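Visitor: Next comes entry.txt, compact mmCIF, C-alpha atoms:
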# COMPACT_ATOMS: atom_id res chain seq x y z
CA MET X 1 83.22 -59.52 113.08
CA PRO X 2 83.38 -58.78 116.83
CA GLU X 3 86.40 -59.75 118.83
CA VAL X 4 85.83 -61.90 121.90
CA LYS X 5 87.71 -61.51 125.15
CA THR X 6 87.78 -64.46 127.50
CA SER X 7 89.01 -64.72 131.06
CA THR X 8 91.80 -67.21 131.66
CA GLY X 9 91.10 -67.83 135.33
CA ILE X 10 93.90 -68.51 137.80
CA ARG X 11 97.40 -68.61 136.35
CA VAL X 12 100.51 -69.92 138.09
CA ASN X 13 103.91 -68.62 137.03
CA TYR X 14 107.21 -69.45 138.70
CA SER X 15 110.89 -70.13 138.26
CA ALA X 16 113.29 -72.43 140.10
CA GLU X 17 117.02 -71.72 140.21
CA HIS X 18 119.38 -74.55 141.12
CA ARG X 19 122.74 -73.25 142.37
CA THR X 20 125.84 -74.79 143.92
CA ASN X 21 127.35 -73.61 147.19
CA PHE X 22 130.34 -71.96 145.50
CA CYS X 23 130.44 -68.20 144.94
CA GLU X 24 129.57 -67.27 141.35
CA VAL X 25 132.10 -64.38 141.54
CA CYS X 26 135.23 -65.93 143.07
CA GLY X 27 134.41 -69.65 143.16
CA ASN X 28 135.09 -70.12 146.86
CA ARG X 29 132.72 -71.99 149.15
CA LEU X 30 129.92 -69.89 150.59
CA THR X 31 128.95 -69.80 154.24
CA GLN X 32 125.53 -69.06 155.64
CA ASP X 33 124.93 -65.76 157.35
CA PRO X 34 123.58 -66.60 160.80
CA THR X 35 121.62 -63.32 160.80
CA VAL X 36 118.07 -64.30 159.98
CA LEU X 37 116.04 -61.45 158.58
CA GLU X 38 112.50 -61.36 159.89
CA GLU X 39 111.07 -60.84 156.43
CA ASP X 40 113.25 -63.59 154.96
CA ARG X 41 113.13 -66.36 157.57
CA ILE X 42 116.02 -68.03 155.73
CA LEU X 43 119.79 -68.06 156.07
CA ARG X 44 121.51 -66.10 153.31
CA ASN X 45 124.70 -67.27 151.62
CA TYR X 46 127.78 -65.17 152.37
CA CYS X 47 131.17 -65.18 150.63
CA LEU X 48 134.05 -64.55 153.05
CA THR X 49 136.44 -63.83 150.13
CA CYS X 50 134.18 -61.27 148.45
CA ASN X 51 133.05 -60.07 151.91
CA ASP X 52 129.47 -59.82 150.65
CA TYR X 53 126.27 -61.76 150.20
CA SER X 54 126.60 -63.85 147.09
CA LYS X 55 124.79 -66.42 144.98
CA GLY X 56 126.22 -69.82 144.15
CA VAL X 57 127.18 -70.89 140.64
CA LEU X 58 124.06 -71.44 138.55
CA VAL X 59 123.42 -75.07 137.54
CA SER X 60 120.06 -74.62 135.85
CA ARG X 61 117.01 -72.41 135.86
CA SER X 62 113.54 -73.90 135.29
CA ILE X 63 110.93 -71.54 133.89
CA SER X 64 107.19 -71.67 133.30
CA ILE X 65 105.80 -72.08 129.81
CA GLN X 66 102.37 -70.48 129.58
CA PRO X 67 99.78 -71.69 127.06
CA PRO X 68 98.85 -69.18 124.35
CA PRO X 69 95.85 -66.92 124.94
CA PRO X 70 92.68 -68.21 123.27
CA PRO X 71 91.85 -66.87 119.78
CA ARG X 72 89.72 -63.72 119.80
CA CYS X 73 87.84 -64.33 116.57
CA ILE X 74 87.25 -67.02 113.97
CA LYS X 75 88.92 -65.19 111.08
CA PHE X 76 91.68 -67.16 109.41
CA GLY X 77 94.25 -64.62 110.66
CA CYS X 78 93.21 -65.08 114.30
CA MET X 79 93.19 -68.85 114.07
CA TRP X 80 96.51 -68.96 112.22
CA GLU X 81 98.12 -66.74 114.86
CA TYR X 82 96.78 -69.00 117.63
CA TYR X 83 98.02 -72.10 115.81
CA LYS X 84 101.51 -70.61 115.43
CA GLN X 85 101.65 -69.64 119.11
CA ALA X 86 100.48 -73.11 120.18
CA VAL X 87 103.20 -74.79 118.08
CA LEU X 88 105.81 -72.40 119.49
CA VAL X 89 104.73 -73.21 123.06
CA LEU X 90 105.09 -76.94 122.35
CA LEU X 91 108.55 -76.46 120.89
CA LEU X 92 109.61 -74.19 123.76
CA GLY X 93 108.41 -76.79 126.25
CA SER X 94 110.57 -79.40 124.57
CA TYR X 95 113.53 -77.01 124.37
CA HIS X 96 113.44 -76.04 128.05
CA ARG X 97 113.04 -79.67 129.14
CA LYS X 98 116.12 -80.67 127.14
CA ARG X 99 118.02 -77.55 128.22
CA VAL X 100 117.53 -78.13 131.97
CA ALA X 101 118.31 -81.85 131.65
CA TYR X 102 121.48 -80.99 129.70
CA SER X 103 122.53 -78.39 132.28
CA GLU X 104 121.95 -80.78 135.17
CA ALA X 105 123.92 -83.53 133.45
CA HIS X 106 126.84 -81.15 132.84
CA ARG X 107 126.87 -79.26 136.14
CA HIS X 108 130.66 -79.46 136.51
CA LYS X 109 131.44 -78.65 132.86
CA THR X 110 131.55 -75.42 130.94
CA ILE X 111 128.51 -75.14 128.68
CA PRO X 112 126.90 -72.12 126.98
CA ILE X 113 125.32 -69.97 129.70
CA ARG X 114 122.06 -69.72 127.74
CA TYR X 115 121.39 -73.38 128.52
CA ARG X 116 121.68 -72.71 132.24
CA THR X 117 119.65 -69.48 132.33
CA GLY X 118 117.13 -70.23 129.57
CA GLU X 119 117.72 -66.75 128.19
CA PRO X 120 117.53 -65.80 125.45
CA SER X 121 114.76 -68.24 124.63
CA PRO X 122 113.95 -68.98 120.96
CA GLU X 123 111.38 -66.45 119.71
CA THR X 124 110.23 -68.08 116.50
CA ILE X 125 109.17 -71.57 115.46
CA PHE X 126 112.19 -71.91 113.18
CA LYS X 127 114.64 -70.89 115.92
CA ALA X 128 112.92 -73.22 118.39
CA ILE X 129 113.25 -76.17 115.99
CA LEU X 130 116.95 -75.40 115.48
CA ALA X 131 117.53 -75.07 119.24
CA ASN X 132 115.83 -78.44 119.83
CA ILE X 133 117.97 -80.12 117.18
CA LYS X 134 121.17 -78.61 118.63
CA LEU X 135 120.34 -79.89 122.10
CA THR X 136 119.45 -83.33 120.77
CA ILE X 137 122.84 -83.52 119.06
CA ARG X 138 124.71 -82.20 122.13
CA ARG X 139 123.19 -84.81 124.41
CA MET W 1 106.47 -82.21 128.42
CA ALA W 2 107.22 -78.66 129.42
CA GLN W 3 107.42 -77.37 132.95
CA THR W 4 103.88 -77.66 134.26
CA GLN W 5 102.10 -75.88 137.06
CA THR W 6 98.52 -75.68 138.25
CA VAL W 7 96.24 -74.69 141.08
CA THR W 8 94.78 -77.94 142.37
CA ASP W 9 91.09 -78.75 142.86
CA THR W 10 91.63 -79.03 146.62
CA GLY W 11 93.44 -75.67 146.51
CA ILE W 12 90.39 -74.01 144.94
CA GLN W 13 88.16 -75.73 147.49
CA GLU W 14 90.32 -74.32 150.31
CA LEU W 15 90.20 -70.87 148.68
CA VAL W 16 86.40 -70.96 148.62
CA LEU W 17 86.36 -71.99 152.29
CA LEU W 18 88.60 -69.00 153.07
CA TRP W 19 86.12 -66.65 151.37
CA GLU W 20 83.33 -68.32 153.26
CA GLU W 21 85.29 -67.82 156.49
CA ALA W 22 84.87 -71.51 157.14
CA LEU W 23 87.52 -73.74 158.68
CA SER W 24 90.52 -73.23 156.40
CA SER W 25 94.00 -71.73 156.29
CA GLY W 26 96.08 -69.69 153.85
CA MET W 27 99.28 -70.25 151.87
CA GLU W 28 102.05 -71.00 154.34
CA SER W 29 104.15 -74.09 153.56
CA ILE W 30 106.26 -75.47 150.73
CA VAL W 31 107.83 -78.87 150.07
CA CYS W 32 109.91 -80.43 147.29
CA LEU W 33 108.67 -83.39 145.27
CA GLU W 34 110.85 -86.47 144.91
CA MET W 35 110.69 -88.45 141.67
CA ALA W 36 113.37 -89.86 139.37
CA THR W 37 111.67 -88.63 136.17
CA VAL W 38 109.80 -85.50 135.13
CA CYS W 39 106.33 -85.21 136.65
CA THR W 40 103.28 -83.50 135.17
CA ALA W 41 101.27 -81.18 137.39
CA ALA W 42 97.59 -82.13 137.61
CA VAL W 43 94.54 -80.40 139.07
CA ALA W 44 93.53 -83.68 140.72
CA SER W 45 96.73 -83.86 142.77
CA THR W 46 96.37 -83.57 146.53
CA PHE W 47 98.66 -83.07 149.49
CA ALA W 48 98.61 -86.81 150.19
CA ASP W 49 98.81 -87.86 146.54
CA PRO W 50 101.08 -85.64 144.38
CA ALA W 51 101.41 -85.90 140.60
CA ASP W 52 102.36 -89.21 139.00
CA THR W 53 104.47 -91.24 141.44
CA ALA W 54 106.03 -88.24 143.16
CA ILE W 55 106.22 -88.09 146.94
CA HIS W 56 107.11 -85.33 149.37
CA HIS W 57 110.73 -85.09 150.43
CA THR W 58 110.98 -85.75 154.14
CA ASP W 59 114.63 -84.91 154.76
CA SER W 60 117.82 -83.43 153.27
CA GLY W 61 116.66 -79.82 153.61
CA LEU W 62 113.93 -80.33 151.02
CA LEU W 63 111.13 -81.20 153.40
CA LEU W 64 107.99 -79.27 154.34
CA ALA W 65 108.90 -75.79 155.59
CA ALA W 66 107.34 -72.39 156.15
CA ILE W 67 107.54 -70.33 152.94
CA ALA W 68 110.18 -67.62 153.36
CA THR W 69 108.07 -64.83 151.88
CA VAL W 70 104.40 -64.70 150.92
CA GLY W 71 103.16 -61.39 149.59
CA HIS W 72 100.94 -59.80 146.99
CA ALA W 73 101.54 -57.83 143.82
CA THR W 74 99.77 -56.30 140.86
CA THR W 75 99.63 -57.93 137.43
CA ASN W 76 96.38 -56.83 135.75
CA THR W 77 94.42 -55.14 138.51
CA THR W 78 95.57 -53.88 141.90
CA GLY W 79 96.62 -56.69 144.24
CA ASP W 80 95.43 -59.52 141.97
CA THR W 81 98.57 -61.62 142.45
CA ILE W 82 99.91 -63.63 145.38
CA THR W 83 103.68 -64.11 145.36
CA PHE W 84 105.83 -66.67 147.15
CA ASP W 85 109.60 -66.98 147.41
CA HIS W 86 111.62 -69.66 149.11
CA VAL W 87 115.14 -71.08 149.15
CA PHE W 88 115.80 -74.77 149.86
CA THR W 89 119.31 -75.76 150.90
CA ALA W 90 119.95 -79.44 150.29
CA THR W 91 121.83 -81.47 152.88
CA GLY W 92 122.27 -84.53 150.71
CA THR W 93 122.14 -85.87 147.17
CA LYS W 94 118.55 -86.04 145.96
CA ASN W 95 116.30 -85.72 142.92
CA VAL W 96 113.82 -82.86 142.93
CA ALA W 97 111.02 -83.00 140.36
CA GLY W 98 108.88 -80.12 141.59
CA ILE W 99 107.20 -78.41 144.52
CA HIS W 100 103.93 -78.30 146.42
CA VAL W 101 102.72 -75.02 147.92
CA CYS W 102 100.49 -75.88 150.84
CA ASN W 103 98.24 -74.37 153.49
CA ASN W 104 99.07 -73.58 157.09
CA ASP W 105 97.52 -76.82 158.34
CA ASP W 106 99.76 -78.83 155.97
CA ASP W 107 96.88 -80.87 154.63
CA VAL W 108 95.93 -79.07 151.40
CA THR W 109 98.08 -78.35 148.36
CA PHE W 110 97.20 -75.04 146.72
CA VAL W 111 99.67 -75.18 143.86
CA GLU W 112 101.59 -78.02 142.24
CA CYS W 113 104.62 -77.25 140.06
CA CYS W 114 106.72 -79.73 138.10
CA PHE W 115 110.09 -78.53 136.81
CA ASN W 116 111.33 -78.64 133.20
CA ALA W 117 113.55 -81.56 134.17
CA VAL W 118 114.57 -83.35 137.35
CA LEU W 119 117.08 -81.33 139.39
CA ALA W 120 119.89 -83.51 140.73
CA VAL W 121 120.88 -81.61 143.86
CA GLU W 122 123.98 -82.30 145.90
CA ASN W 123 124.84 -81.44 149.48
CA THR W 124 124.69 -77.63 150.12
CA ASP W 125 123.11 -76.88 146.72
CA THR W 126 120.27 -74.37 146.79
CA ILE W 127 116.98 -74.23 144.91
CA THR W 128 115.43 -70.78 144.77
CA ILE W 129 111.69 -70.75 144.10
CA ASP W 130 110.16 -67.50 142.85
CA GLY W 131 106.49 -67.89 142.06
CA GLU W 132 103.19 -66.11 141.66
CA VAL W 133 99.52 -66.96 141.29
CA VAL W 134 97.51 -64.46 139.26
CA ILE W 135 93.74 -64.21 139.56
CA ASN W 136 93.47 -63.20 135.92
CA GLN W 137 90.49 -61.20 134.73
CA ALA W 138 92.34 -59.55 131.86
What do you get writing this file as structure tokens?

Guide:
Amino acid sequence: MPEVKTSTGIRVNYSAEHRTNFCEVCGNRLTQDPTVLEEDRILRNYCLTCNDYSKGVLVSRSISIQPPPPPRCIKFGCMWEYYKQAVLVLLLGSYHRKRVAYSEAHRHKTIPIRYRTGEPSPETIFKAILANIKLTIRR
Amino acid sequence: MAQTQTVTDTGIQELVLLWEEALSSGMESIVCLEMATVCTAAVASTFADPADTAIHHTDSGLLLAAIATVGHATTNTTGDTITFDHVFTATGTKNVAGIHVCNNDDDVTFVECCFNAVLAVENTDTITIDGEVVINQA
């Protein structure tokens, strides 16, 4: 049976990192470098203690969840693979929603870093179910 | 609902006008969306009417601004991806549910993105946006 390839059109992919204004290395308040780079057009955070450009402490990182690619044939194996990927995407969507909400609600507390970064993300349906349950309990 | 993102209908319309060399403008501006709960990105959203009950932030460092960096990259074929990066620095306590990526005339939204969850930003917090739009023929 021939395999079918389909175009998926225009795809948007992005991440959003929410950080505080305190250096992630030393914890001191960051200042903004008044030197505006032409290619940046933004002020960059600078740590006077570390004497270097620095990022703030990470609160949460939102990431895109892409839908699974369409099935390439109507064999049971193709359809089963698509079904598994679709279920995993749904579970991952739920996991990342709970993870970011949990991180935002606990911005001043120490929580596992994986909840703030989203990495590593569950790779299987079973792990995604477990991760969802853990976050539901933690809330 | 997971984090959602989409190119809007009006964004595609503006893209077609660009190809036609008609009156239009390219990707230039970005603004944060204000909403107390998670929004869901929709193709029918417009600059004037964002997803659900979201509205554009108009202050606190989260308002409409020129995108820091707009460039292009390669995902499947040479130069098939437009990239955009921006950092918002909040000047107050606000809820941020997502972003709109808009044209130079600030009247068309190309891309609408809704975050995994609402970000509760405080004064001097930063939100770093790192995004791409792939014209995917793979």

Visitor: Just need the residues of chain X within 7 Å of chain W, counting all atoms listed in the file, so spit them out as a CSV table (one decimal) with C-alpha atoms, keeping the file's coordinate frame.

Guide:
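Done, and the output landed in selection.csv:
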chain,number,residue,atom,x,y,z
X,7,SER,CA,89.0,-64.7,131.1
X,8,THR,CA,91.8,-67.2,131.7
X,9,GLY,CA,91.1,-67.8,135.3
X,10,ILE,CA,93.9,-68.5,137.8
X,11,ARG,CA,97.4,-68.6,136.4
X,12,VAL,CA,100.5,-69.9,138.1
X,13,ASN,CA,103.9,-68.6,137.0
X,14,TYR,CA,107.2,-69.4,138.7
X,15,SER,CA,110.9,-70.1,138.3
X,16,ALA,CA,113.3,-72.4,140.1
X,17,GLU,CA,117.0,-71.7,140.2
X,18,HIS,CA,119.4,-74.6,141.1
X,19,ARG,CA,122.7,-73.2,142.4
X,20,THR,CA,125.8,-74.8,143.9
X,21,ASN,CA,127.4,-73.6,147.2
X,39,GLU,CA,111.1,-60.8,156.4
X,40,ASP,CA,113.2,-63.6,155.0
X,41,ARG,CA,113.1,-66.4,157.6
X,42,ILE,CA,116.0,-68.0,155.7
X,62,SER,CA,113.5,-73.9,135.3
X,63,ILE,CA,110.9,-71.5,133.9
X,64,SER,CA,107.2,-71.7,133.3
X,65,ILE,CA,105.8,-72.1,129.8
X,93,GLY,CA,108.4,-76.8,126.2
X,94,SER,CA,110.6,-79.4,124.6
X,96,HIS,CA,113.4,-76.0,128.0
X,97,ARG,CA,113.0,-79.7,129.1
X,100,VAL,CA,117.5,-78.1,132.0
X,101,ALA,CA,118.3,-81.8,131.6
X,104,GLU,CA,122.0,-80.8,135.2

Visitor: Which residues are close to X:Arg139, i.e. within 12 Å by all atoms listed in the file, leaving aside same-chain residues fewer than 6 positions away? Reply as a ChimeraX atom specification.

Guide: /X:98-106,111,132-133

Visitor: So what do you get for atom CA of W:Ser25 versus atom CA of W:Cys102, distance-wise?

Guide: 9.4 Å

Visitor: Rank W:Ala73, W:Leu18, W:Leu62, W:Met35 by their smallest atom-to-atom distance to W:Gly92, using all atoms listed in the file, and report the top residue only.

Guide: W:Leu62

Visitor: Using Å and a single decimal, report how far atom CA of X:Asn45 sits from atom CA of X:Gln32.

Guide: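 It comes out at 4.5 Å.
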
Visitor: Which residues, protein or nucleic acid, reach to within 8 Å of (97.5, -83.2, 147.2) in the file's coordinates when using all atoms listed in the file, and can you give that as a PyMOL selection string?

Guide: chain W and resi 8+10+44-50+107-109

Visitor: Would you work out the distance separating atom CA of X:Arg61 from atom CA of W:Asp106, expressed in Å to one decimal?

Guide: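 Distance between the two atoms: 27.3 Å.
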
Visitor: Please list as a VMD selection string every residue within 12 Å of X:Cys50, counting all atoms listed in the file and excluding residues in the same chain fewer than 5 positions away.

Guide: chain X and resid 22 to 31 45 55

Visitor: Could the residues in this selection be saved with C-alpha atoms as an mmCIF file, in the frame of the given file?

Guide:
data_model
loop_
_atom_site.group_PDB
_atom_site.id
_atom_site.type_symbol
_atom_site.label_atom_id
_atom_site.label_comp_id
_atom_site.auth_asym_id
_atom_site.auth_seq_id
_atom_site.Cartn_x
_atom_site.Cartn_y
_atom_site.Cartn_z
ATOM 1 C CA PHE X 22 130.340 -71.960 145.500
ATOM 2 C CA CYS X 23 130.440 -68.200 144.940
ATOM 3 C CA GLU X 24 129.570 -67.270 141.350
ATOM 4 C CA VAL X 25 132.100 -64.380 141.540
ATOM 5 C CA CYS X 26 135.230 -65.930 143.070
ATOM 6 C CA GLY X 27 134.410 -69.650 143.160
ATOM 7 C CA ASN X 28 135.090 -70.120 146.860
ATOM 8 C CA ARG X 29 132.720 -71.990 149.150
ATOM 9 C CA LEU X 30 129.920 -69.890 150.590
ATOM 10 C CA THR X 31 128.950 -69.800 154.240
ATOM 11 C CA ASN X 45 124.700 -67.270 151.620
ATOM 12 C CA LYS X 55 124.790 -66.420 144.980
#

Visitor: Give the answer as one residue: which of X:Ala131, X:Leu91, X:Ile74, X:Val59 has the shortest atom-to-atom distance to X:Lys109, using all atoms listed in the file?

Guide: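 Closest candidate: X:Val59.
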